[in-house]
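These notes concern the structure reproduced below.
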There are 4 protein chains.
Amino acid sequence: MRALRKTSRGPGAELVEVEVPAPREDEVLVRVHGVSICGTDLHIFDWNEWADRRIARVPMTFGHEVAGTVERVGTEVHHLQPGAFVAAETHIACGHCGPCQTGRAHICQNLRILGVDVEGAFAEYLVLPATNAWVVGDGIDPDVASIMEPFGNAVHAAFGTGGGEDIATHAVAVIGCGPIGMFAVAIARSLGAWRVIAVEPNAYRREKALEMGADVALDPGTVDPVASVMELTGGAGAEVVLEMSGNAVAIDQGTRLLARGGRMSLLGLPDADVRLDLNDQVIFKEARLQGITGREMFRTWQQTTTLLSTGRVDVAPVITHRFPLEGFAEAFATTAGGQAGKVILLPHAGAQR
Amino acid sequence: MRALRKTSRGPGAELVEVEVPAPREDEVLVRVHGVSICGTDLHIFDWNEWADRRIARVPMTFGHEVAGTVERVGTEVHHLQPGAFVAAETHIACGHCGPCQTGRAHICQNLRILGVDVEGAFAEYLVLPATNAWVVGDGIDPDVASIMEPFGNAVHAAFGTGGGEDIATHAVAVIGCGPIGMFAVAIARSLGAWRVIAVEPNAYRREKALEMGADVALDPGTVDPVASVMELTGGAGAEVVLEMSGNAVAIDQGTRLLARGGRMSLLGLPDADVRLDLNDQVIFKEARLQGITGREMFRTWQQTTTLLSTGRVDVAPVITHRFPLEGFAEAFATTAGGQAGKVILLPHAGAQR
Amino acid sequence: MRALRKTSRGPGAELVEVEVPAPREDEVLVRVHGVSICGTDLHIFDWNEWADRRIARVPMTFGHEVAGTVERVGTEVHHLQPGAFVAAETHIACGHCGPCQTGRAHICQNLRILGVDVEGAFAEYLVLPATNAWVVGDGIDPDVASIMEPFGNAVHAAFGTGGGEDIATHAVAVIGCGPIGMFAVAIARSLGAWRVIAVEPNAYRREKALEMGADVALDPGTVDPVASVMELTGGAGAEVVLEMSGNAVAIDQGTRLLARGGRMSLLGLPDADVRLDLNDQVIFKEARLQGITGREMFRTWQQTTTLLSTGRVDVAPVITHRFPLEGFAEAFATTAGGQAGKVILLPHAGAQR
Amino acid sequence: MRALRKTSRGPGAELVEVEVPAPREDEVLVRVHGVSICGTDLHIFDWNEWADRRIARVPMTFGHEVAGTVERVGTEVHHLQPGAFVAAETHIACGHCGPCQTGRAHICQNLRILGVDVEGAFAEYLVLPATNAWVVGDGIDPDVASIMEPFGNAVHAAFGTGGGEDIATHAVAVIGCGPIGMFAVAIARSLGAWRVIAVEPNAYRREKALEMGADVALDPGTVDPVASVMELTGGAGAEVVLEMSGNAVAIDQGTRLLARGGRMSLLGLPDADVRLDLNDQVIFKEARLQGITGREMFRTWQQTTTLLSTGRVDVAPVITHRFPLEGFAEAFATTAGGQAGKVILLPHAGAQR
């Protein structure tokens, strides 16, 4: 089969021919329908400092936001049959550490990640632990299924580590409207937010945020987002801030536009330490800052499936480009260009699933 | 009556003779039994930069951690009678803003604070809004009643903005063992913590922390608290960190010794912005940082009353010094000296309550 | 002014002329715009066994679901001005008991209810404690404001004593679709429920439930609601059941159609003890049954205001009849007839507000 | 090996010789140290109506509250080694249903129970799914390990489906003080309850409840528990009721002695439907009734391990009798007699573990 692999510890990747992998007892072989490109994949493709430090395994097929059809199951897999259409939970948890044993496998102490620590999904076939294969069910388009993983990040950020009870009837600010932020806008809207305020410097993305249901999309290059949010909320601030940018200035602004007693979910990854005014913006306001990573297994997937299959959220505007596997160079360039939502590679493009 | 007042915008205070104040319709007049000295009072006494910026009203009687006997009630006060022994909730809330109307009066948008914004308690008598007078009930020593307010800070930090369900059976680190930290150690112990680990550079305070029930008291000047907590918790870290120091290095260490998925309550006030490694210590760990200020009205007071009246927590070791009102200079010096727990001024010392 | 009063302990009521009441220090005088009729008002009008046992005060003006314009404020009322348009929280709490002091004033131990324990609202003017007057704000029609109180019951039932985090993306069954059930259907829909299933024997009300957003409206007279809900939910049952009927058979069915681990909010009042299969329907399923009464002060009002002012919920289809005060007999008959949603009395009909 | 088996669908059991079972790929073979006797085992031994309806598999070894040493592991078990001392989680979950996938495996839709649905533990050896073997760790006596499963029931009831945040500083009533009730008394005490009130008609058990830390043990045969609890709580009632009796009268009383807004955990299994006054005892009080079954996997086990290994709870007074396997008849009679706490069978008694 063809697979897009890192073959050296440097920029780029090669489309090469490798053997179709064989599933072990508790694994399944998946015929890949679509794999969408994540910011992490860009870092690995470009081989930035983070990738050089983080990736131990080269050569390796990368890519992880994937959906496809189960082709074969291991001997100990009894709850899945060939033919099932599945999306991949990309966090492979050990199942035995403290977090795993208390229902928080997504922060497993021994976490391995598909396409980062183990062989990934930019290929015609993929092997997955059976427990990481989520049956997609009816009503979700196969292309959409390939973005369930990043959509799940947005769902998890919105619901938070509690139950998301602060979204309904409240003002929600989404800072940073790349694809996950675009998703978050629509999710907050569908959960009954009072006002959804997007903050994003890129005009293309602001437009997408409005299309996904934002009441207003602020350009932090031309207006002060703190003052604007205060004005839009009668001086109270946003009860919930979903921080998707990882930008230090934006994170600081996020704490300032957060309401007294509010919650800020931090998902965007800053590339250095961040200075915060804990005194006035966290302590006296009794703000809560909560880190968000991955997706709850599998509460987030149940929520994701419902939101997408019922049409509560329509992600069509965010899936902007599709390429065959051999178009990977253009696909990566498009993703990096900032004038795209999600870009999907279709390894069997032309064939029917 | 005698009252200890700021009479100029500079260091020091004067013990002067003023009229006994008269309660308005919805206020009560309290004959002060004891007033304990808070770090805030030291700042006001010394008139540091914060005090100069924060205090608008001079001359003013300061002091706020107070308990005493209701002497007279306003015409519209029906639930309190003269003779009741009360402690003061020092946060005077407006009752009508968003936080007040949703059960979070302690983060009122129009908060005024006793002895900071309005006339305080270092005096023989004090006027209080009736709603801020908490009836102490039986089983709590009058001297102890005068520290219920800062004890309540520790209770609120321990329970957090949720329900404190992460204390029982878990490791709890208390960073900074001034009086509120000392209280927090005992509270965590009484709520069923697995291990209570104190972190404090001052030897006198470490000793007090052990006396209050810490399993171990680490000196961050001689051991690495992060490595030590990891070792004491089998590599998992502390599920709960109660940050009472306000020290930037300690806050950073607190995030590092926090367990994956853990909660850090921030109560100590840093005097500048703080740099945090949000990436590895908050986001990937899904840590929750929550600001803590004041006390929930009046859930915290109910909890405080139970803990103190049943003897679940014995604060006697923390109340180390008592002075008459005229001994205020020595009282402030003792508080500032670092070899003391709580220092109480007794305006009617010698008299019986 | 004219007021509709119970003048004897028996069926009926009289429209009589009485003095406009004067507000005390902490009260406001409200010029009534509209008062909607509650099931409780019907019981008082008919003077059934419950009314005879519950109502101590006769003669008394009854009615409580009210909105109007502040005409005059007491001397101690500073946060409200004449001209403000307000709706009444009808639970008058003492402010000093355990529940009141821990943020649960709606279950005050000394609760008094407008139009039941104290003079009510079927009149041209009404006196209210200032703390019970909720400023309605822009964007809510005055007629709609008069049903904010029962709408709040539905909001409180939906959010429950937690945060309503189980509504979004889940199946919700609403049992009993009188006006509060009709509201609950729309609220569950706007909070992102997966499926909203109404159960109601009255065809008129089933139609209204569908109009308010139910996916399906089951007639328990012709289908088994337990089997139907199981089928509609893939065998799992409803994650949330909102019980609005008070019917013993329906309550039992509600426990049976509830999912494992689900939550059932009980708001409808049964008129006798109810037999439940605690073993199989509660204990082995780990179901949660939670009583619901009144509205959280004032979290529920903030939620209600947002839902109504943003158009997330449109209650127009539920407000089916309007009468002047002198049409009270027809208004009560219409309410009792089962072919109506909410019926509103307009004491100043014809005049402009 | 010797095993105590049901060999016919009627009263009694036979101690017979069977083959030592062999673990499959994902199972472990455990050399049994101790098995304690549960009320369920009594029903199976006596073969009451419930047992006849519930038990499909005869002949079968029964018993399930078990701890022992891993002797051999299946080929796919990598996180456990021979020599590990483990206790058994007796609920065998499917891992793939809705509750399993959302962190609630203990209410799995396809639950199988050790010694009820599959071969049990009254034997010298036992085969367990590896995921059901909890490593006991240091500091817990092997005999105590055999009661971790029922102790976990009490832990789960105390913490409830939330976080047990209502135990600390509140009044807790434990109704029914068989072994699980005795455990619950000590757990509530160790979590910082204000008052722990036991209600139990059997004098032997009341004595044990006091020994485990109850402040008072009420005999419902001689005092009215509702009036007594009201008196002991200043008229407020118990914030938390842990119902362990399954007795219909006691359950009704539990709702009456519950505080406004309180929580009642239902664990005891009534043998018929129960009549409840939902109106006054649940709805107007906003009480929460929550079913409790099994143990959360594995939050409850982590909590159980901490409580027992730190000595926060000492269960020694509850383990009152030990018998070799051949003493089973006397062991069952002792359990049934009402003058015992936990009775443990030791299949290898005399041998060293």
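Naming scheme: A, B, ... for chains in displayed order of the structure tokens; residues 1 onward per chain; ligands 1 onward as shown.
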- [ ] Provide as a VMD selection string the residues of chain D at most 6 Å from chain C, counting only C-alpha atoms.
- [x] chain D and resid 269 273 to 277 279 282 to 284 286 to 293
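Residues of range 299-343 of chain D carrying a DSSP assignment of strand (DSSP E), computed from the backbone, are Ile319, Thr320, His321, Arg322, Phe323, Pro324, Lys342 and Val343 of chain D.
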How would the residues just chosen look if you wrote them out with all heavy atoms as a PDB file, in the first residue's frame?
ATOM      1  N   ILE D 319     -14.944  -7.252  61.210  1.00  0.00           N
ATOM      2  CA  ILE D 319     -14.595  -8.631  60.823  1.00  0.00           C
ATOM      3  C   ILE D 319     -14.620  -9.484  62.086  1.00  0.00           C
ATOM      4  O   ILE D 319     -13.673  -9.528  62.858  1.00  0.00           O
ATOM      5  CB  ILE D 319     -13.214  -8.679  60.143  1.00  0.00           C
ATOM      6  CG1 ILE D 319     -13.209  -7.742  58.919  1.00  0.00           C
ATOM      7  CG2 ILE D 319     -12.875 -10.108  59.731  1.00  0.00           C
ATOM      8  CD1 ILE D 319     -11.898  -7.700  58.171  1.00  0.00           C
ATOM      9  N   THR D 320     -15.743 -10.157  62.282  1.00  0.00           N
ATOM     10  CA  THR D 320     -15.965 -10.791  63.583  1.00  0.00           C
ATOM     11  C   THR D 320     -15.723 -12.293  63.584  1.00  0.00           C
ATOM     12  O   THR D 320     -15.514 -12.885  64.638  1.00  0.00           O
ATOM     13  CB  THR D 320     -17.411 -10.530  64.058  1.00  0.00           C
ATOM     14  OG1 THR D 320     -18.299 -10.940  63.010  1.00  0.00           O
ATOM     15  CG2 THR D 320     -17.623  -9.058  64.358  1.00  0.00           C
ATOM     16  N   HIS D 321     -15.774 -12.934  62.427  1.00  0.00           N
ATOM     17  CA  HIS D 321     -15.643 -14.391  62.404  1.00  0.00           C
ATOM     18  C   HIS D 321     -14.842 -14.846  61.189  1.00  0.00           C
ATOM     19  O   HIS D 321     -14.957 -14.254  60.116  1.00  0.00           O
ATOM     20  CB  HIS D 321     -17.017 -15.078  62.349  1.00  0.00           C
ATOM     21  CG  HIS D 321     -17.883 -14.798  63.533  1.00  0.00           C
ATOM     22  ND1 HIS D 321     -18.577 -13.615  63.687  1.00  0.00           N
ATOM     23  CD2 HIS D 321     -18.169 -15.546  64.643  1.00  0.00           C
ATOM     24  CE1 HIS D 321     -19.260 -13.637  64.832  1.00  0.00           C
ATOM     25  NE2 HIS D 321     -19.031 -14.801  65.429  1.00  0.00           N
ATOM     26  N   ARG D 322     -14.066 -15.914  61.374  1.00  0.00           N
ATOM     27  CA  ARG D 322     -13.284 -16.525  60.292  1.00  0.00           C
ATOM     28  C   ARG D 322     -13.486 -18.039  60.361  1.00  0.00           C
ATOM     29  O   ARG D 322     -13.451 -18.621  61.450  1.00  0.00           O
ATOM     30  CB  ARG D 322     -11.795 -16.206  60.468  1.00  0.00           C
ATOM     31  CG  ARG D 322     -11.440 -14.740  60.210  1.00  0.00           C
ATOM     32  CD  ARG D 322     -10.068 -14.403  60.756  1.00  0.00           C
ATOM     33  NE  ARG D 322      -9.674 -13.029  60.454  1.00  0.00           N
ATOM     34  CZ  ARG D 322     -10.026 -11.962  61.174  1.00  0.00           C
ATOM     35  NH1 ARG D 322     -10.787 -12.101  62.255  1.00  0.00           N
ATOM     36  NH2 ARG D 322      -9.616 -10.750  60.821  1.00  0.00           N
ATOM     37  N   PHE D 323     -13.672 -18.666  59.229  1.00  0.00           N
ATOM     38  CA  PHE D 323     -13.865 -20.112  59.183  1.00  0.00           C
ATOM     39  C   PHE D 323     -13.057 -20.711  58.041  1.00  0.00           C
ATOM     40  O   PHE D 323     -12.853 -20.039  57.011  1.00  0.00           O
ATOM     41  CB  PHE D 323     -15.342 -20.460  58.936  1.00  0.00           C
ATOM     42  CG  PHE D 323     -16.262 -20.107  60.057  1.00  0.00           C
ATOM     43  CD1 PHE D 323     -16.916 -18.883  60.076  1.00  0.00           C
ATOM     44  CD2 PHE D 323     -16.473 -20.999  61.116  1.00  0.00           C
ATOM     45  CE1 PHE D 323     -17.770 -18.546  61.111  1.00  0.00           C
ATOM     46  CE2 PHE D 323     -17.340 -20.667  62.154  1.00  0.00           C
ATOM     47  CZ  PHE D 323     -17.982 -19.430  62.163  1.00  0.00           C
ATOM     48  N   PRO D 324     -12.627 -21.957  58.172  1.00  0.00           N
ATOM     49  CA  PRO D 324     -12.058 -22.646  57.009  1.00  0.00           C
ATOM     50  C   PRO D 324     -13.211 -22.973  56.053  1.00  0.00           C
ATOM     51  O   PRO D 324     -14.389 -22.907  56.444  1.00  0.00           O
ATOM     52  CB  PRO D 324     -11.444 -23.906  57.604  1.00  0.00           C
ATOM     53  CG  PRO D 324     -12.233 -24.167  58.835  1.00  0.00           C
ATOM     54  CD  PRO D 324     -12.657 -22.819  59.364  1.00  0.00           C
ATOM     55  N   LYS D 342     -18.752  -9.067  59.533  1.00  0.00           N
ATOM     56  CA  LYS D 342     -18.377  -9.826  58.361  1.00  0.00           C
ATOM     57  C   LYS D 342     -17.806 -11.183  58.784  1.00  0.00           C
ATOM     58  O   LYS D 342     -17.013 -11.273  59.722  1.00  0.00           O
ATOM     59  CB  LYS D 342     -17.303  -9.068  57.560  1.00  0.00           C
ATOM     60  CG  LYS D 342     -17.871  -8.108  56.528  1.00  0.00           C
ATOM     61  CD  LYS D 342     -18.974  -8.702  55.709  1.00  0.00           C
ATOM     62  CE  LYS D 342     -18.958  -8.420  54.264  1.00  0.00           C
ATOM     63  NZ  LYS D 342     -20.201  -8.874  53.596  1.00  0.00           N
ATOM     64  N   VAL D 343     -18.187 -12.214  58.032  1.00  0.00           N
ATOM     65  CA  VAL D 343     -17.711 -13.573  58.256  1.00  0.00           C
ATOM     66  C   VAL D 343     -16.880 -13.975  57.040  1.00  0.00           C
ATOM     67  O   VAL D 343     -17.357 -13.875  55.907  1.00  0.00           O
ATOM     68  CB  VAL D 343     -18.901 -14.537  58.436  1.00  0.00           C
ATOM     69  CG1 VAL D 343     -18.425 -15.973  58.561  1.00  0.00           C
ATOM     70  CG2 VAL D 343     -19.731 -14.115  59.640  1.00  0.00           C
TER      71      VAL D 343
END
Please tabulate, as a Markdown table, the residues of range 142-231 of chain A that come within 12 Å of range 183-187 of chain C, each with its closest pair of atoms and the distance in Å to one decimal, counting only C-alpha atoms and ordering rows by chain, then residue number upward.
| residue | atom | partner | partner_atom | distance |
| --- | --- | --- | --- | --- |
| A:Ala168 | CA | C:Ile187 | CA | 10.4 |
| A:Thr169 | CA | C:Ile187 | CA | 10.8 |
| A:Leu191 | CA | C:Ile187 | CA | 11.0 |
| A:Gly192 | CA | C:Ile187 | CA | 9.3 |
Task: Contact residues around Val318 in chain D with only C-alpha atoms at 8 Å, ignoring same-chain residues under 3 positions, as a list in words - done: Pro179, Met182, Phe183, Lys208, Val315, Ala340, Gly341 and Lys342 of chain D
Take the selection from the previous step and output its residues with N, CA and C atoms, as an mmCIF file, in the first residue's frame.
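Output file out_19.cif follows:
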data_model
loop_
_atom_site.group_PDB
_atom_site.id
_atom_site.type_symbol
_atom_site.label_atom_id
_atom_site.label_comp_id
_atom_site.auth_asym_id
_atom_site.auth_seq_id
_atom_site.Cartn_x
_atom_site.Cartn_y
_atom_site.Cartn_z
ATOM 1 N N PRO D 179 -23.136 -4.961 58.023
ATOM 2 C CA PRO D 179 -21.730 -4.615 57.761
ATOM 3 C C PRO D 179 -21.552 -3.394 56.875
ATOM 4 N N MET D 182 -22.256 -0.392 58.890
ATOM 5 C CA MET D 182 -21.159 -0.160 59.848
ATOM 6 C C MET D 182 -19.981 0.536 59.153
ATOM 7 N N PHE D 183 -19.659 0.032 57.962
ATOM 8 C CA PHE D 183 -18.579 0.679 57.198
ATOM 9 C C PHE D 183 -18.933 2.146 56.910
ATOM 10 N N LYS D 208 -22.019 -1.971 67.390
ATOM 11 C CA LYS D 208 -20.933 -1.908 66.388
ATOM 12 C C LYS D 208 -20.889 -0.529 65.726
ATOM 13 N N VAL D 315 -11.434 -1.317 60.069
ATOM 14 C CA VAL D 315 -12.586 -2.217 59.966
ATOM 15 C C VAL D 315 -12.466 -3.447 60.855
ATOM 16 N N ALA D 340 -23.302 -10.888 64.142
ATOM 17 C CA ALA D 340 -21.998 -10.945 63.487
ATOM 18 C C ALA D 340 -21.838 -9.731 62.590
ATOM 19 N N GLY D 341 -20.563 -9.400 62.352
ATOM 20 C CA GLY D 341 -20.252 -8.413 61.329
ATOM 21 C C GLY D 341 -19.972 -9.196 60.059
ATOM 22 N N LYS D 342 -18.752 -9.067 59.533
ATOM 23 C CA LYS D 342 -18.377 -9.826 58.361
ATOM 24 C C LYS D 342 -17.806 -11.183 58.784
#
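If you count only C-alpha atoms and ignore residues fewer than 2 places along the chain from range 132-137 of chain C, what sits within 8 Å of it is Ala84, Phe85, Val86, Ala87, Ala88, Glu89, Thr90, His91, Ile92, Leu128, Pro129, Ala130, Gly139, Ile140, Ala145, Trp301 and Thr305 of chain C.
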Could I get the residues of range 119-232 of chain D with an atom no further than 8 Å from an atom of range 49-63 of chain D, each paired with its nearest atom pair and that distance in Å to one decimal, using only C-alpha atoms, sorted by chain and residue number, as CSV?
residue,atom,partner,partner_atom,distance
D:Glu119,CA,D:Thr61,CA,5.3
D:Gly120,CA,D:Phe62,CA,4.4
D:Ala121,CA,D:Gly63,CA,4.7
D:Phe122,CA,D:Gly63,CA,5.0
D:Ala123,CA,D:Thr61,CA,7.4
Generate the output file for the selected residues, N, CA, C and O atoms, as a PDB file, in the first residue's frame.
ATOM      1  N   GLU D 119     -18.579 -18.348  37.297  1.00  0.00           N
ATOM      2  CA  GLU D 119     -17.984 -19.093  38.407  1.00  0.00           C
ATOM      3  C   GLU D 119     -17.384 -18.150  39.458  1.00  0.00           C
ATOM      4  O   GLU D 119     -16.669 -17.209  39.124  1.00  0.00           O
ATOM      5  N   GLY D 120     -17.674 -18.450  40.749  1.00  0.00           N
ATOM      6  CA  GLY D 120     -17.320 -17.557  41.835  1.00  0.00           C
ATOM      7  C   GLY D 120     -16.117 -17.972  42.656  1.00  0.00           C
ATOM      8  O   GLY D 120     -15.223 -18.682  42.157  1.00  0.00           O
ATOM      9  N   ALA D 121     -16.113 -17.549  43.913  1.00  0.00           N
ATOM     10  CA  ALA D 121     -14.871 -17.477  44.686  1.00  0.00           C
ATOM     11  C   ALA D 121     -14.805 -18.336  45.937  1.00  0.00           C
ATOM     12  O   ALA D 121     -13.763 -18.360  46.591  1.00  0.00           O
ATOM     13  N   PHE D 122     -15.856 -19.031  46.293  1.00  0.00           N
ATOM     14  CA  PHE D 122     -15.769 -19.921  47.476  1.00  0.00           C
ATOM     15  C   PHE D 122     -14.986 -21.165  47.082  1.00  0.00           C
ATOM     16  O   PHE D 122     -15.542 -22.261  46.946  1.00  0.00           O
ATOM     17  N   ALA D 123     -13.675 -21.017  46.894  1.00  0.00           N
ATOM     18  CA  ALA D 123     -12.858 -22.099  46.355  1.00  0.00           C
ATOM     19  C   ALA D 123     -11.394 -21.781  46.619  1.00  0.00           C
ATOM     20  O   ALA D 123     -11.061 -20.676  47.059  1.00  0.00           O
TER      21      ALA D 123
END
